[in-house]
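So this block is upload.cif, mmCIF, C-alpha atoms:
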```
data_protein
#
loop_
_atom_site.label_atom_id
_atom_site.label_comp_id
_atom_site.auth_asym_id
_atom_site.auth_seq_id
_atom_site.Cartn_x
_atom_site.Cartn_y
_atom_site.Cartn_z
CA MET A 25 -17.60 -24.20 -12.86
CA ASN A 26 -19.87 -26.81 -14.40
CA HIS A 27 -18.64 -29.50 -16.71
CA PRO A 28 -19.34 -28.56 -20.33
CA ALA A 29 -22.52 -29.96 -21.79
CA GLN A 30 -22.32 -32.82 -24.24
CA PRO A 31 -21.48 -33.33 -27.03
CA SER A 32 -17.75 -33.27 -26.51
CA HIS A 33 -17.04 -31.73 -29.91
CA PHE A 34 -16.49 -27.99 -30.21
CA ASP A 35 -15.59 -25.74 -33.10
CA VAL A 36 -13.02 -23.99 -30.90
CA ILE A 37 -11.25 -24.94 -27.68
CA VAL A 38 -9.32 -22.23 -25.85
CA ILE A 39 -6.71 -23.36 -23.34
CA GLY A 40 -6.35 -20.60 -20.75
CA ALA A 41 -9.04 -18.38 -19.25
CA GLY A 42 -6.99 -15.23 -18.85
CA ALA A 43 -7.20 -11.90 -20.69
CA ALA A 44 -6.32 -13.13 -24.18
CA GLY A 45 -8.17 -16.44 -23.82
CA MET A 46 -11.47 -14.92 -22.72
CA MET A 47 -11.20 -12.19 -25.34
CA CYS A 48 -10.72 -14.80 -28.06
CA ALA A 49 -13.48 -17.07 -26.76
CA ALA A 50 -15.98 -14.21 -26.55
CA GLU A 51 -15.20 -13.07 -30.10
CA ALA A 52 -15.49 -16.57 -31.52
CA GLY A 53 -18.64 -17.40 -29.57
CA GLN A 54 -20.37 -14.22 -30.69
CA ARG A 55 -19.59 -15.19 -34.29
CA GLY A 56 -21.64 -18.34 -33.72
CA ARG A 57 -18.77 -20.73 -33.09
CA ARG A 58 -19.24 -23.39 -30.41
CA VAL A 59 -16.47 -22.64 -27.91
CA LEU A 60 -15.05 -24.36 -24.84
CA ILE A 61 -12.58 -22.72 -22.44
CA ILE A 62 -10.49 -24.98 -20.24
CA ASP A 63 -8.22 -23.79 -17.43
CA HIS A 64 -6.44 -25.54 -14.57
CA ALA A 65 -7.19 -22.75 -12.07
CA GLU A 66 -10.10 -22.63 -9.67
CA LYS A 67 -10.40 -18.83 -9.77
CA LEU A 68 -10.98 -17.00 -13.01
CA ALA A 69 -8.31 -14.61 -14.36
CA GLU A 70 -6.18 -14.16 -11.24
CA LYS A 71 -3.55 -12.20 -13.15
CA ILE A 72 -6.14 -9.62 -14.14
CA ARG A 73 -7.50 -9.50 -10.60
CA ILE A 74 -4.13 -8.65 -9.00
CA SER A 75 -2.93 -6.34 -11.77
CA GLY A 76 -2.49 -2.63 -11.27
CA GLY A 77 -2.75 -2.90 -7.51
CA GLY A 78 -6.16 -4.54 -7.94
CA ARG A 79 -7.43 -1.89 -10.36
CA CYS A 80 -6.11 -3.32 -13.64
CA ASN A 81 -4.11 -1.03 -15.92
CA PHE A 82 -6.22 -2.32 -18.81
CA THR A 83 -4.70 -0.34 -21.68
CA ASN A 84 -2.72 2.76 -22.63
CA LEU A 85 -3.83 5.72 -24.73
CA GLU A 86 -0.65 5.59 -26.82
CA VAL A 87 0.08 2.15 -28.25
CA GLY A 88 2.49 1.36 -31.10
CA ILE A 89 5.02 -1.27 -32.07
CA ALA A 90 7.75 0.77 -30.35
CA ASN A 91 6.12 -0.25 -27.04
CA TYR A 92 6.88 -3.96 -27.62
CA LEU A 93 9.94 -6.19 -27.71
CA SER A 94 10.15 -9.19 -30.03
CA ARG A 95 12.70 -10.88 -32.23
CA ASN A 96 10.13 -10.19 -34.96
CA PRO A 97 9.31 -6.57 -34.09
CA GLN A 98 6.84 -5.89 -36.92
CA PHE A 99 4.63 -8.86 -36.02
CA CYS A 100 2.35 -7.06 -33.58
CA ARG A 101 1.56 -4.15 -35.93
CA SER A 102 -1.38 -5.78 -37.73
CA ALA A 103 -3.36 -6.94 -34.69
CA LEU A 104 -2.71 -3.71 -32.76
CA SER A 105 -3.95 -1.61 -35.67
CA ARG A 106 -7.16 -3.64 -36.01
CA PHE A 107 -8.10 -3.61 -32.33
CA THR A 108 -6.93 -0.39 -30.71
CA PRO A 109 -7.17 1.06 -27.21
CA ALA A 110 -10.19 3.05 -28.43
CA HIS A 111 -11.98 -0.19 -29.29
CA PHE A 112 -11.39 -1.60 -25.81
CA ILE A 113 -12.33 1.68 -24.10
CA GLU A 114 -15.62 1.64 -26.03
CA ARG A 115 -16.39 -1.79 -24.54
CA VAL A 116 -15.42 -0.65 -21.06
CA ASN A 117 -17.73 2.35 -21.40
CA ARG A 118 -20.55 0.22 -22.78
CA HIS A 119 -20.35 -1.96 -19.68
CA GLY A 120 -20.53 1.07 -17.42
CA ILE A 121 -17.04 0.55 -15.98
CA ARG A 122 -15.66 3.74 -14.48
CA TRP A 123 -11.99 4.43 -15.20
CA HIS A 124 -9.34 7.12 -14.96
CA GLU A 125 -6.08 8.09 -16.65
CA ARG A 126 -2.79 8.23 -14.78
CA GLU A 127 0.64 9.37 -15.94
CA HIS A 128 2.03 8.18 -19.29
CA GLY A 129 -1.45 7.45 -20.70
CA GLN A 130 -2.16 4.52 -18.39
CA LEU A 131 -5.86 3.69 -17.86
CA PHE A 132 -7.13 2.04 -14.66
CA CYS A 133 -10.51 0.98 -13.29
CA ASP A 134 -11.87 3.36 -10.66
CA ASP A 135 -13.22 0.49 -8.58
CA SER A 136 -11.77 -2.96 -9.17
CA ALA A 137 -10.04 -5.20 -11.71
CA GLN A 138 -13.00 -7.51 -11.13
CA ASP A 139 -14.98 -5.16 -13.40
CA ILE A 140 -12.78 -6.18 -16.35
CA ILE A 141 -13.07 -9.88 -15.48
CA ASP A 142 -16.87 -9.56 -15.26
CA MET A 143 -16.97 -7.77 -18.62
CA LEU A 144 -14.98 -10.54 -20.30
CA ARG A 145 -17.12 -13.22 -18.66
CA THR A 146 -20.27 -11.43 -19.87
CA GLY A 147 -18.80 -11.40 -23.38
CA CYS A 148 -18.23 -15.15 -23.17
CA ASP A 149 -21.76 -15.70 -21.86
CA SER A 150 -23.13 -13.67 -24.79
CA GLY A 151 -21.32 -16.10 -27.09
CA GLN A 152 -22.66 -19.11 -25.14
CA VAL A 153 -19.13 -20.24 -24.35
CA SER A 154 -18.82 -23.47 -22.31
CA TRP A 155 -16.39 -23.80 -19.41
CA ALA A 156 -14.26 -26.52 -17.83
CA MET A 157 -12.60 -25.19 -14.66
CA PRO A 158 -10.60 -26.44 -12.87
CA CYS A 159 -9.57 -28.86 -15.59
CA GLN A 160 -6.24 -30.59 -16.11
CA LEU A 161 -5.07 -31.08 -19.68
CA GLU A 162 -3.49 -34.52 -20.05
CA THR A 163 -2.69 -34.96 -23.75
CA ILE A 164 -3.30 -33.33 -27.13
CA GLY A 165 -3.38 -35.47 -30.25
CA ALA A 166 -4.32 -35.18 -33.91
CA GLY A 167 -7.90 -36.01 -34.82
CA THR A 168 -8.94 -38.15 -37.78
CA GLU A 169 -12.55 -37.04 -38.28
CA PRO A 170 -13.47 -34.05 -40.50
CA GLY A 171 -13.64 -30.88 -38.42
CA ALA A 172 -11.87 -32.57 -35.50
CA ARG A 173 -8.22 -31.69 -36.03
CA PHE A 174 -7.33 -31.97 -32.34
CA ILE A 175 -8.25 -34.46 -29.61
CA LEU A 176 -7.79 -33.34 -25.99
CA ASP A 177 -7.81 -35.74 -23.07
CA THR A 178 -8.54 -33.90 -19.83
CA SER A 179 -9.69 -34.48 -16.28
CA HIS A 180 -13.16 -33.61 -17.60
CA GLY A 181 -13.05 -36.22 -20.34
CA ARG A 182 -12.21 -36.19 -24.03
CA PHE A 183 -12.93 -33.25 -26.32
CA SER A 184 -12.33 -32.62 -30.01
CA CYS A 185 -12.16 -29.38 -31.96
CA GLU A 186 -11.45 -27.87 -35.34
CA SER A 187 -9.50 -24.90 -33.93
CA LEU A 188 -7.28 -24.96 -30.84
CA VAL A 189 -6.21 -21.69 -29.22
CA VAL A 190 -3.32 -21.65 -26.75
CA ALA A 191 -3.72 -18.75 -24.31
CA THR A 192 -1.71 -20.11 -21.40
CA GLY A 193 0.38 -17.01 -20.64
CA GLY A 194 4.04 -17.00 -19.62
CA LEU A 195 6.03 -18.01 -16.56
CA SER A 196 5.66 -14.83 -14.48
CA ILE A 197 3.99 -14.95 -11.05
CA PRO A 198 4.10 -18.75 -10.54
CA LYS A 199 2.18 -18.49 -7.26
CA ILE A 200 -1.02 -17.92 -9.24
CA GLY A 201 -0.46 -20.89 -11.52
CA ALA A 202 1.91 -19.87 -14.31
CA SER A 203 3.28 -22.86 -16.21
CA PRO A 204 5.28 -23.72 -19.35
CA LEU A 205 2.30 -25.59 -20.86
CA GLY A 206 1.99 -23.29 -23.87
CA TYR A 207 5.63 -23.73 -24.80
CA LYS A 208 5.29 -27.50 -24.50
CA ILE A 209 2.29 -27.49 -26.84
CA ALA A 210 4.21 -25.39 -29.36
CA GLU A 211 7.19 -27.74 -29.20
CA GLN A 212 4.91 -30.78 -29.56
CA PHE A 213 3.78 -29.38 -32.91
CA GLY A 214 7.29 -28.44 -34.02
CA LEU A 215 7.18 -24.69 -33.44
CA ALA A 216 10.27 -22.76 -32.37
CA ILE A 217 10.50 -21.07 -28.96
CA VAL A 218 12.44 -17.92 -28.15
CA PRO A 219 13.96 -18.84 -24.75
CA PRO A 220 11.74 -17.26 -22.06
CA LYS A 221 13.11 -14.92 -19.40
CA PRO A 222 11.58 -12.83 -16.60
CA ALA A 223 10.79 -9.27 -17.78
CA LEU A 224 9.54 -6.07 -16.16
CA VAL A 225 11.49 -7.38 -13.20
CA PRO A 226 13.75 -5.91 -10.46
CA LEU A 227 17.49 -6.19 -11.12
CA THR A 228 20.07 -7.47 -8.67
CA LEU A 229 23.51 -5.96 -8.14
CA PRO A 230 26.82 -7.78 -7.61
CA PRO A 231 28.04 -7.94 -3.98
CA GLU A 232 30.61 -5.14 -4.32
CA GLU A 233 27.94 -2.71 -5.59
CA LEU A 234 25.28 -3.97 -3.20
CA SER A 235 27.54 -3.36 -0.20
CA ILE A 236 27.61 0.34 -1.13
CA TYR A 237 23.91 0.84 -1.76
CA LYS A 238 21.98 -1.75 0.30
CA GLU A 239 21.63 0.71 3.19
CA LEU A 240 19.55 2.84 0.83
CA ALA A 241 16.76 0.24 0.51
CA GLY A 242 13.39 1.96 0.20
CA MET A 243 14.81 5.19 -1.24
CA ALA A 244 13.31 6.33 -4.55
CA PHE A 245 13.85 9.27 -6.89
CA ASP A 246 13.21 10.42 -10.46
CA ALA A 247 15.72 9.17 -13.03
CA VAL A 248 16.16 8.17 -16.65
CA ALA A 249 17.27 4.60 -17.38
CA GLU A 250 18.52 3.53 -20.77
CA CYS A 251 19.40 0.10 -22.12
CA GLY A 252 19.77 -0.56 -25.81
CA ALA A 253 16.77 0.91 -27.62
CA GLY A 254 14.82 1.44 -24.40
CA ARG A 255 14.87 4.82 -22.68
CA PHE A 256 12.49 5.64 -19.82
CA ARG A 257 11.96 8.32 -17.19
CA GLU A 258 10.22 7.29 -13.98
CA ASN A 259 11.10 6.50 -10.36
CA LEU A 260 14.16 4.41 -9.47
CA LEU A 261 13.94 2.44 -6.21
CA PHE A 262 16.74 0.89 -4.16
CA THR A 263 16.02 -2.55 -2.67
CA HIS A 264 17.89 -4.97 -0.38
CA ARG A 265 18.90 -6.93 -3.48
CA GLY A 266 19.53 -4.17 -6.00
CA LEU A 267 17.33 -1.82 -8.01
CA SER A 268 13.64 -1.64 -8.84
CA GLY A 269 10.97 0.99 -9.46
CA PRO A 270 9.13 1.57 -12.75
CA VAL A 271 12.17 2.91 -14.59
CA ILE A 272 14.24 -0.19 -13.76
CA LEU A 273 11.39 -2.59 -14.56
CA GLN A 274 11.14 -0.97 -17.99
CA ALA A 275 14.89 -1.13 -18.64
CA SER A 276 15.04 -4.73 -17.37
CA SER A 277 13.19 -6.04 -20.42
CA TYR A 278 15.86 -4.59 -22.69
CA TRP A 279 18.64 -5.85 -20.43
CA GLN A 280 17.10 -9.32 -20.57
CA ALA A 281 16.88 -9.06 -24.37
CA ARG A 282 20.58 -8.28 -24.73
CA ASP A 283 21.29 -11.58 -26.54
CA TYR A 284 18.40 -11.13 -29.00
CA GLY A 285 20.80 -9.55 -31.46
CA GLY A 286 20.25 -6.15 -33.03
CA ASP A 287 19.87 -3.18 -30.68
CA GLU A 288 17.57 -4.56 -27.99
CA GLY A 289 19.92 -4.23 -25.06
CA GLY A 290 23.39 -4.36 -23.57
CA SER A 291 25.15 -5.64 -20.48
CA GLN A 292 24.79 -2.28 -18.73
CA VAL A 293 21.90 -0.03 -17.75
CA MET A 294 22.78 3.65 -18.03
CA VAL A 295 21.09 5.95 -15.49
CA ASP A 296 20.81 9.72 -15.82
CA LEU A 297 20.62 11.01 -12.24
CA PHE A 298 19.78 14.54 -13.41
CA PRO A 299 16.99 14.10 -15.94
CA ALA A 300 15.49 17.54 -15.36
CA GLY A 301 18.43 19.83 -16.10
CA ASP A 302 21.95 20.51 -17.37
CA VAL A 303 24.15 18.97 -14.67
CA ARG A 304 27.39 20.23 -16.25
CA GLN A 305 26.30 23.86 -16.16
CA TRP A 306 24.95 23.47 -12.63
CA LEU A 307 28.29 22.10 -11.39
CA LEU A 308 30.23 24.89 -13.13
CA ASP A 309 27.88 27.48 -11.59
CA ASN A 310 28.83 26.04 -8.18
CA ALA A 311 32.54 25.52 -8.94
CA ARG A 312 33.68 27.88 -6.20
CA SER A 313 31.55 26.32 -3.49
CA LYS A 314 33.37 25.22 -0.35
CA GLN A 315 30.78 22.59 0.55
CA LEU A 316 31.42 18.89 0.01
CA LEU A 317 30.41 17.54 -3.39
CA GLY A 318 28.02 15.15 -1.63
CA ASN A 319 26.29 18.07 0.08
CA LEU A 320 25.96 19.97 -3.19
CA LEU A 321 24.49 16.93 -4.94
CA SER A 322 22.07 16.58 -2.02
CA GLU A 323 20.31 19.68 -3.34
CA ARG A 324 19.15 17.57 -6.29
CA LEU A 325 19.44 13.98 -5.01
CA PRO A 326 18.61 12.17 -1.74
CA LYS A 327 21.40 13.01 0.71
CA ARG A 328 22.37 9.45 1.66
CA PHE A 329 22.60 8.44 -1.99
CA ALA A 330 24.61 11.52 -2.95
CA HIS A 331 27.20 10.81 -0.24
CA ALA A 332 27.35 7.07 -0.98
CA TRP A 333 27.85 7.80 -4.68
CA CYS A 334 30.67 10.27 -3.96
CA ASP A 335 32.29 8.07 -1.29
CA GLN A 336 32.44 5.15 -3.74
CA ARG A 337 34.57 7.28 -6.07
CA GLY A 338 36.65 9.09 -3.43
CA TRP A 339 35.10 12.39 -4.47
CA ASN A 340 33.58 13.62 -1.21
CA LYS A 341 35.69 16.73 -0.90
CA PRO A 342 34.93 20.46 -1.31
CA VAL A 343 33.66 21.35 -4.77
CA ASN A 344 36.26 24.11 -5.20
CA GLN A 345 39.02 21.48 -5.05
CA PHE A 346 37.94 20.06 -8.44
CA ASN A 347 39.19 21.66 -11.64
CA THR A 348 36.96 22.22 -14.67
CA ARG A 349 38.05 18.99 -16.38
CA GLU A 350 37.23 17.00 -13.24
CA LEU A 351 33.83 18.67 -12.94
CA ASP A 352 33.16 17.76 -16.57
CA ALA A 353 33.99 14.13 -15.78
CA ILE A 354 31.68 14.19 -12.73
CA ALA A 355 28.89 15.65 -14.87
CA ASP A 356 29.36 12.86 -17.43
CA LEU A 357 29.09 10.19 -14.73
CA LEU A 358 26.03 11.79 -13.15
CA ALA A 359 24.34 11.80 -16.55
CA ARG A 360 25.50 8.28 -17.43
CA TRP A 361 25.83 6.20 -14.26
CA ALA A 362 26.68 2.75 -15.58
CA ILE A 363 25.05 -0.14 -13.71
CA THR A 364 26.04 -3.72 -14.47
CA PRO A 365 23.38 -6.00 -12.97
CA ASN A 366 24.25 -9.61 -12.17
CA GLY A 367 20.71 -10.94 -12.52
CA THR A 368 17.03 -10.42 -11.72
CA LEU A 369 14.61 -11.39 -8.95
CA GLY A 370 13.14 -14.00 -11.30
CA TYR A 371 9.63 -14.97 -12.35
CA ALA A 372 8.20 -14.58 -8.84
CA LYS A 373 8.72 -10.81 -9.08
CA ALA A 374 8.40 -10.43 -12.87
CA GLU A 375 5.29 -8.83 -14.32
CA VAL A 376 5.62 -10.59 -17.69
CA THR A 377 7.69 -13.11 -19.63
CA LEU A 378 10.09 -12.12 -22.41
CA GLY A 379 10.30 -14.59 -25.28
CA GLY A 380 7.91 -17.43 -26.01
CA VAL A 381 6.49 -18.94 -29.17
CA ASP A 382 8.50 -17.53 -32.09
CA THR A 383 6.12 -15.24 -33.97
CA ARG A 384 7.86 -16.05 -37.24
CA GLU A 385 5.94 -19.32 -36.96
CA LEU A 386 2.58 -17.49 -36.85
CA SER A 387 0.31 -15.42 -39.08
CA SER A 388 0.31 -11.80 -37.92
CA LYS A 389 -3.28 -11.46 -39.14
CA THR A 390 -4.85 -14.51 -37.48
CA MET A 391 -2.28 -15.80 -34.93
CA GLU A 392 -2.48 -19.24 -36.61
CA ALA A 393 0.60 -21.46 -36.83
CA ARG A 394 1.72 -21.44 -40.46
CA LYS A 395 2.56 -25.14 -40.55
CA VAL A 396 -0.20 -26.44 -38.24
CA PRO A 397 -3.65 -25.50 -39.58
CA GLY A 398 -6.11 -24.79 -36.80
CA LEU A 399 -3.53 -24.13 -34.06
CA TYR A 400 -3.46 -20.56 -32.70
CA PHE A 401 -1.47 -18.71 -30.02
CA VAL A 402 -2.58 -15.50 -28.28
CA GLY A 403 -1.29 -13.22 -25.53
CA GLU A 404 1.82 -13.57 -23.41
CA VAL A 405 2.70 -17.10 -24.56
CA MET A 406 4.08 -15.49 -27.73
CA ASP A 407 7.36 -13.63 -28.15
CA VAL A 408 5.70 -10.22 -27.82
CA THR A 409 6.46 -8.31 -24.62
CA GLY A 410 5.01 -4.90 -23.87
CA HIS A 411 6.35 -2.05 -21.82
CA LEU A 412 4.95 -1.39 -18.35
CA GLY A 413 1.75 0.64 -18.47
CA GLY A 414 -1.13 -1.36 -19.98
CA TYR A 415 0.64 -2.47 -23.15
CA ASN A 416 0.61 -6.18 -22.34
CA PHE A 417 -3.14 -6.13 -21.72
CA GLN A 418 -3.65 -4.32 -25.03
CA TRP A 419 -1.68 -7.07 -26.74
CA ALA A 420 -3.91 -9.65 -25.04
CA TRP A 421 -7.04 -7.88 -26.33
CA ALA A 422 -5.64 -7.33 -29.83
CA SER A 423 -4.23 -10.81 -30.36
CA GLY A 424 -7.29 -12.43 -28.77
CA HIS A 425 -9.57 -10.41 -31.03
CA ALA A 426 -7.53 -11.32 -34.14
CA ALA A 427 -7.68 -15.04 -33.40
CA GLY A 428 -11.31 -14.85 -32.29
CA GLN A 429 -12.27 -13.45 -35.68
CA ALA A 430 -10.38 -16.22 -37.49
CA VAL A 431 -11.03 -19.48 -35.62
#
```
Same coordinates, now as structure tokens:
Amino acid sequence: MNHPAQPSHFDVIVIGAGAAGMMCAAEAGQRGRRVLIIDHAEKLAEKIRISGGGRCNFTNLEVGIANYLSRNPQFCRSALSRFTPAHFIERVNRHGIRWHEREHGQLFCDDSAQDIIDMLRTGCDSGQVSWAMPCQLETIGAGTEPGARFILDTSHGRFSCESLVVATGGLSIPKIGASPLGYKIAEQFGLAIVPPKPALVPLTLPPEELSIYKELAGMAFDAVAECGAGRFRENLLFTHRGLSGPVILQASSYWQARDYGGDEGGSQVMVDLFPAGDVRQWLLDNARSKQLLGNLLSERLPKRFAHAWCDQRGWNKPVNQFNTRELDAIADLLARWAITPNGTLGYAKAEVTLGGVDTRELSSKTMEARKVPGLYFVGEVMDVTGHLGGYNFQWAWASGHAAGQAV
């Protein structure tokens, strides 16, 4: 993209040309603010482009604070209430983007995630936003002139601005350019950071568990996973390293938040292998069966898993050899299979980053740092992490809109 036109002073500079950054820049530009976006990438909004299998799960019909994790859980309420999924859908419709709803209220583009990128770029163009891409940020310092609170030295030269918006995202998917830049900027200005971790990420199992289940890699089935305050029902998938699938990705955020304090998570993920019915009654109804327990369970679960699960516990014998108390115990374990992960597959496989700039440092109305006038944070760089299903994009739109109206 072209170097920004002179002069080098802007009302607003946005660092990061992703979902939240472009949303903020478009809002500010359309209010008449002179805006510059800088980004180190050559391609615009790669994370949007690859999201949702290339079709961008751009929001969810049901969005509330219960869909987000944060050490400051009420923080996201204000922005989400002022820019809702309906507001974003109205923009999508106005731009003629065709979309469809999938399970759990998730909305996707019919054609391509590029439609969302083009819509955001059009919004920026309407606000006469200037661009510097690819552009390396070298230093940020305090300005001395009125209206120039921040001085940025970059590979495109020196710029000054009254308002600086940090929209640099988290650490997930490093292959498309994720970096800790936003955290470093926050720390430079004395803001606290909630230690970042990979989230919405596959979990790994310890060797003794993996040896039992690794032969099941590629197998998936419906299950409920629960960790702390998070409870989800979707597909569970076995991998060569452990467990994945939507239900595990959802639970992983709560497992990663287990040291947040409060009720965010625990060291175990509890899996209900029979989410659709009363497993205890079903076992009692079959108490006289002469078939192996593994074969009976195969009526409701994949056969190889059912036998591996029974073999691990020494239970693969005829059902009629268990007494009622033993069948009760089996039912309890089928409904609450305790998994103790030993880690995750890391940022390379994570969809988002848990943690980030501590939102107790920020205004929930404007996203401005309380002790640094003119400094704003939007999107994933903050300690606000959504569930899988369009919630993180909705936070990008809502937080970007809030800051864009304030800068």
Pull out every residue that the PyMOL selection byres ((chain A and resi 109-114) around 7) matches in the shown coordinates and put them as JSON, numbers by chain. {"A": [83, 84, 85, 107, 108, 115, 116, 117, 118, 418]}
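Take atom CA of A:His425 and atom CA of A:Cys48: the distance between them is 5.4 Å.
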The PyMOL selection byres ((chain A and resi 376) around 6) applied to the shown file, residues as a PyMOL selection string: chain A and resi 196+223+374-375+377
Exactly which residues make up the result of the PyMOL selection byres ((chain A and resi 399) around 7) on this file, given as number ranges by chain? A: 187-189, 392-393, 396-398, 400
Find the spatial neighbours of A:Ala426, counting only C-alpha atoms, within a cut-off of 7 Å - ignore same-chain residues fewer than 5 positions away - and output them as a ChimeraX atom specification. /A:103,389-391
Measure the distance from atom CA of A:Gly88 to atom CA of A:Glu70 in Å and round it to one decimal. 26.7 Å
Select, from A:Gly301, A:Gly201, A:Gly318, A:Gly214, the residue with the minimum atom-to-atom distance to A:Ala65, counting all atoms listed in the file. A:Gly201
Provide the atom CA of A:Glu51 to atom CA of A:Val218 distance in Å, to one decimal place. 28.1 Å
What lies within 10 Å of A:Gln274 using all atoms listed in the file, ignoring chain neighbours under 4 positions off, as an MDAnalysis selection string? chainID A and resid 223:226 249:251 254:258 268:270 278:279 410:413
From the list A:Ile200, A:Arg304, A:Leu316, A:Glu404, the nearest residue to A:Leu358 using all atoms listed in the file is A:Arg304
Please identify all polymer residues within 9 Å of stretch 52-57 of chain A, counting all atoms listed in the file, omitting same-chain residues fewer than 4 positions from it, and present them as a PDB file with C-alpha atoms, in the coordinates of the input.
```pdb
ATOM      1  CA  PHE A  34     -16.490 -27.990 -30.210  1.00  0.00           C
ATOM      2  CA  ASP A  35     -15.590 -25.740 -33.100  1.00  0.00           C
ATOM      3  CA  VAL A  36     -13.020 -23.990 -30.900  1.00  0.00           C
ATOM      4  CA  MET A  47     -11.200 -12.190 -25.340  1.00  0.00           C
ATOM      5  CA  CYS A  48     -10.720 -14.800 -28.060  1.00  0.00           C
ATOM      6  CA  GLY A 147     -18.800 -11.400 -23.380  1.00  0.00           C
ATOM      7  CA  CYS A 148     -18.230 -15.150 -23.170  1.00  0.00           C
ATOM      8  CA  ASP A 149     -21.760 -15.700 -21.860  1.00  0.00           C
ATOM      9  CA  SER A 150     -23.130 -13.670 -24.790  1.00  0.00           C
ATOM     10  CA  GLY A 151     -21.320 -16.100 -27.090  1.00  0.00           C
ATOM     11  CA  GLN A 152     -22.660 -19.110 -25.140  1.00  0.00           C
ATOM     12  CA  VAL A 153     -19.130 -20.240 -24.350  1.00  0.00           C
ATOM     13  CA  HIS A 425      -9.570 -10.410 -31.030  1.00  0.00           C
ATOM     14  CA  ALA A 427      -7.680 -15.040 -33.400  1.00  0.00           C
ATOM     15  CA  GLY A 428     -11.310 -14.850 -32.290  1.00  0.00           C
ATOM     16  CA  GLN A 429     -12.270 -13.450 -35.680  1.00  0.00           C
ATOM     17  CA  ALA A 430     -10.380 -16.220 -37.490  1.00  0.00           C
ATOM     18  CA  VAL A 431     -11.030 -19.480 -35.620  1.00  0.00           C
TER      19      VAL A 431
END
```
Set the distance at 6 Å and use all atoms listed in the file: which residues neighbour A:Gly379 once local chain neighbours fewer than 6 positions away are removed? I'd like the list as JSON, numbers by chain. {"A": [218, 219, 220, 407]}
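Proximity of A:Met46, A:Ile74, A:Ala330, A:Gly129 to A:Tyr415, computed with all atoms listed in the file, is greatest for A:Gly129.
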With only C-alpha atoms as the counted atoms, please give the residues lying no more than 8 Å from A:Gly165, apart from itself and same-chain residues fewer than 6 positions off, as a list in words.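 Result of the neighbour search: Phe174, Ile175 and Leu176 of chain A.
When only C-alpha atoms are used to measure the gap to A:Glu127, the shortest distance among A:Pro299, A:Glu86, A:Met406, A:Gln345 belongs to A:Glu86.
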Mind dumping stretch 128-152 of chain A from that block, keeping C-alpha atoms, as a compact mmCIF listing (two decimals), in the first residue's frame?
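Below is the file out13.txt, written as the result:
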```txt
# COMPACT_ATOMS: atom_id res chain seq x y z
CA HIS A 128 -25.43 -22.64 17.76
CA GLY A 129 -26.30 -19.30 16.11
CA GLN A 130 -23.06 -19.02 14.16
CA LEU A 131 -23.17 -16.77 11.07
CA PHE A 132 -20.88 -17.33 8.07
CA CYS A 133 -20.39 -15.72 4.66
CA ASP A 134 -21.90 -17.73 1.81
CA ASP A 135 -18.97 -16.94 -0.46
CA SER A 136 -15.73 -15.81 1.15
CA ALA A 137 -14.21 -14.14 4.20
CA GLN A 138 -12.79 -11.67 1.69
CA ASP A 139 -16.28 -10.11 1.61
CA ILE A 140 -15.86 -9.02 5.25
CA ILE A 141 -12.34 -7.68 4.59
CA ASP A 142 -13.62 -5.71 1.59
CA MET A 143 -16.48 -4.30 3.65
CA LEU A 144 -14.10 -3.09 6.36
CA ARG A 145 -11.73 -1.64 3.77
CA THR A 146 -14.65 0.20 2.14
CA GLY A 147 -15.57 1.61 5.56
CA CYS A 148 -12.03 2.88 5.99
CA ASP A 149 -12.04 4.39 2.49
CA SER A 150 -15.32 6.16 3.32
CA GLY A 151 -13.52 7.72 6.28
CA GLN A 152 -10.51 8.66 4.11
```
